[in-house]
Amino acid sequence: MNQQIKQPICDHVFYGLTRSLCPECKRVVDAQTLIRDGAVYLRKRCPEHGWHEALVSSDAEWYLNSLKYDKPGAMPLDFATSTDRGCPYDCGICPEHRQHTCLALIEITTRCNLACPTCFADSSLPLPGTSAPLRGTGASQVDTNPAARQRGFDLSLAQVEAITASVQIGRIYKGKVSSVKDFGAFIEILPGRDGRCHISELSNDYVGSVTDICNVGDEIEVKVIAVDEQDRIKLSRKAAEQELAGAASDGKE
Ligand code: SF4
Ligand SMILES: [Zn+2]
C-alpha cells in the first residue's frame, strides 16, 4: 500500500544570515533573517540568554523592495575612535564604518522625561499588561506581539502628546497636588509642569487651611488663570468649579 508521509511545514522562509546583538548582554551573536506571515524578523541566540526574536519590518514586500535602493555608502570624512575590539564596540564613529548617515535624530524638546516606551535612547518604561518594556535602538528591539505593540503605540502617543502639550491660559486641567504650603498648593497639571493655586483661589468659601481642601496626591481640577513672564503658572480651583458648574447647568437646559 502506498502510504503518504505528511511532513510538517516550517512557518517561515529563511532569508539570510547576519550579525546582531543580544538584547540582554549586548554581545555580538549570529542572527537569521526570516520572513513569516508577510513580516521580516531577526532571530538570534545568545549562549547565555537564549533565543530572541525582533521585528525588522512589518511588511516583507516593502522590505525586499527597499533593498533595490541600497547604494554604496558615502564614507565618513572623519572618525572619532580607533579600531580596537571590532563593531559595534568601537562605535563613535570608527574607521571600519562604511556607511553614510541614514537617519539623524534631532531632539526637538528639552522636556523629555526619558520614559517613552519607544525611546531611541532606550527608555525602560514597562508597558501596561506586560513585563517587558518596548525599548531599544530602533526596530530591532520592538516587541513582536501585536497587542503589546498597539499598547506601546497608544502609550507613546499619549506620552508624546503630554510631553509636548503646552499650558493654555483659560483651560481647565485635572492635576495632582504635588505639595501643600500655608499660602496655597502646587499642582502638577502636565508632566513636569506645576502651577500654584493660592489659598484664596481654592474655594469661593472661606478656607482656614489649605489641607481643608486638598492634600498631597489628591487630584483636583484647576483653571489656568495666568502664566507670568517667568513661566510661573497661576491656577484657580474656584474658577474651575464655577466654569464646570456653569457648563453642567447649561447641559441641563
Ligand atoms: S562606527 Fe560603524 S563600524 Fe564602527 S563600531 Fe560603530 S557601527 Fe560598527
Ligand atoms: Zn546575552
# chains A, B, ... in the order shown; residues from 1 in each chain; ligands from 1

$ residues_around --residues "Trp51 (chain A)" --least-positions-apart "4" --cutoff "12 Å" --atoms "only C-alpha atoms" --output "PyMOL selection string"
chain A and resi 21-24+29-32+42-47

$ residues_near_ligand --ligand "ligand 1" --cutoff "6 Å" --atoms "only C-alpha atoms and all ligand atoms" --output "PyMOL selection string"
chain A and resi 87-94+96-97

$ write_last_selection --atoms "C-alpha atoms" --output "PDB file, in the first residue's frame"
ATOM      1  CA  CYS A  87      31.991  46.504  15.545  1.00  0.00           C
ATOM      2  CA  PRO A  88      29.954  47.607  17.476  1.00  0.00           C
ATOM      3  CA  TYR A  89      32.289  48.057  20.416  1.00  0.00           C
ATOM      4  CA  ASP A  90      34.418  50.733  18.712  1.00  0.00           C
ATOM      5  CA  CYS A  91      31.453  52.908  17.864  1.00  0.00           C
ATOM      6  CA  GLY A  92      31.988  56.544  17.751  1.00  0.00           C
ATOM      7  CA  ILE A  93      32.415  56.537  14.525  1.00  0.00           C
ATOM      8  CA  CYS A  94      35.301  54.088  13.954  1.00  0.00           C
ATOM      9  CA  GLU A  96      35.620  50.399   9.939  1.00  0.00           C
ATOM     10  CA  HIS A  97      32.366  52.245   9.337  1.00  0.00           C
TER      11      HIS A  97
END

$ residues_around --residues "Val224 (chain A)" --least-positions-apart "2" --cutoff "6 Å" --atoms "only C-alpha atoms" --output "ChimeraX atom specification"
/A:169-171,226,234-235

$ select_by_dssp --residues "region 14-112 of chain A" --states "alpha helix (DSSP H)" --output "PyMOL selection string"
chain A and resi 60-66

$ select_by_dssp --residues "region 196-245 of chain A" --states "strand (DSSP E)" --output "ChimeraX atom specification"
/A:196-198,219-227,233-236

$ closest_residue --among "A:Gln99, A:Ser20, A:Ser57, A:Gln4" --to "ligand 2" --atoms "only C-alpha atoms and all ligand atoms"
A:Ser20

$ atom_distance --atom1 "CA of Ile213 (chain A)" --atom2 "CA of Ile199 (chain A)"
9.3 Å

$ closest_residue --among "A:Asn204, A:Ala240, A:Val167, A:Thr211" --to "Asp182 (chain A)" --atoms "only C-alpha atoms"
A:Thr211

$ closest_residue --among "A:Lys174, A:His198, A:His52, A:Lys223" --to "ligand 2" --atoms "only C-alpha atoms and all ligand atoms"
A:His52

$ atom_distance --atom1 "CA of Val180 (chain A)" --atom2 "CA of Ser200 (chain A)"
13.8 Å

$ atom_distance --atom1 "CA of Glu229 (chain A)" --atom2 "CA of Gln168 (chain A)"
14.2 Å

$ closest_residue --among "A:Val177, A:Ala104, A:Val222, A:Cys25" --to "ligand 2" --atoms "only C-alpha atoms and all ligand atoms"
A:Cys25

$ closest_residue --among "A:Asp205, A:Asp218, A:Asp11, A:Glu243" --to "Leu34 (chain A)" --atoms "only C-alpha atoms"
A:Asp11

$ closest_residue --among "A:Leu105, A:Val216, A:Ala39, A:Ile225" --to "Trp62 (chain A)" --atoms "only C-alpha atoms"
A:Ala39
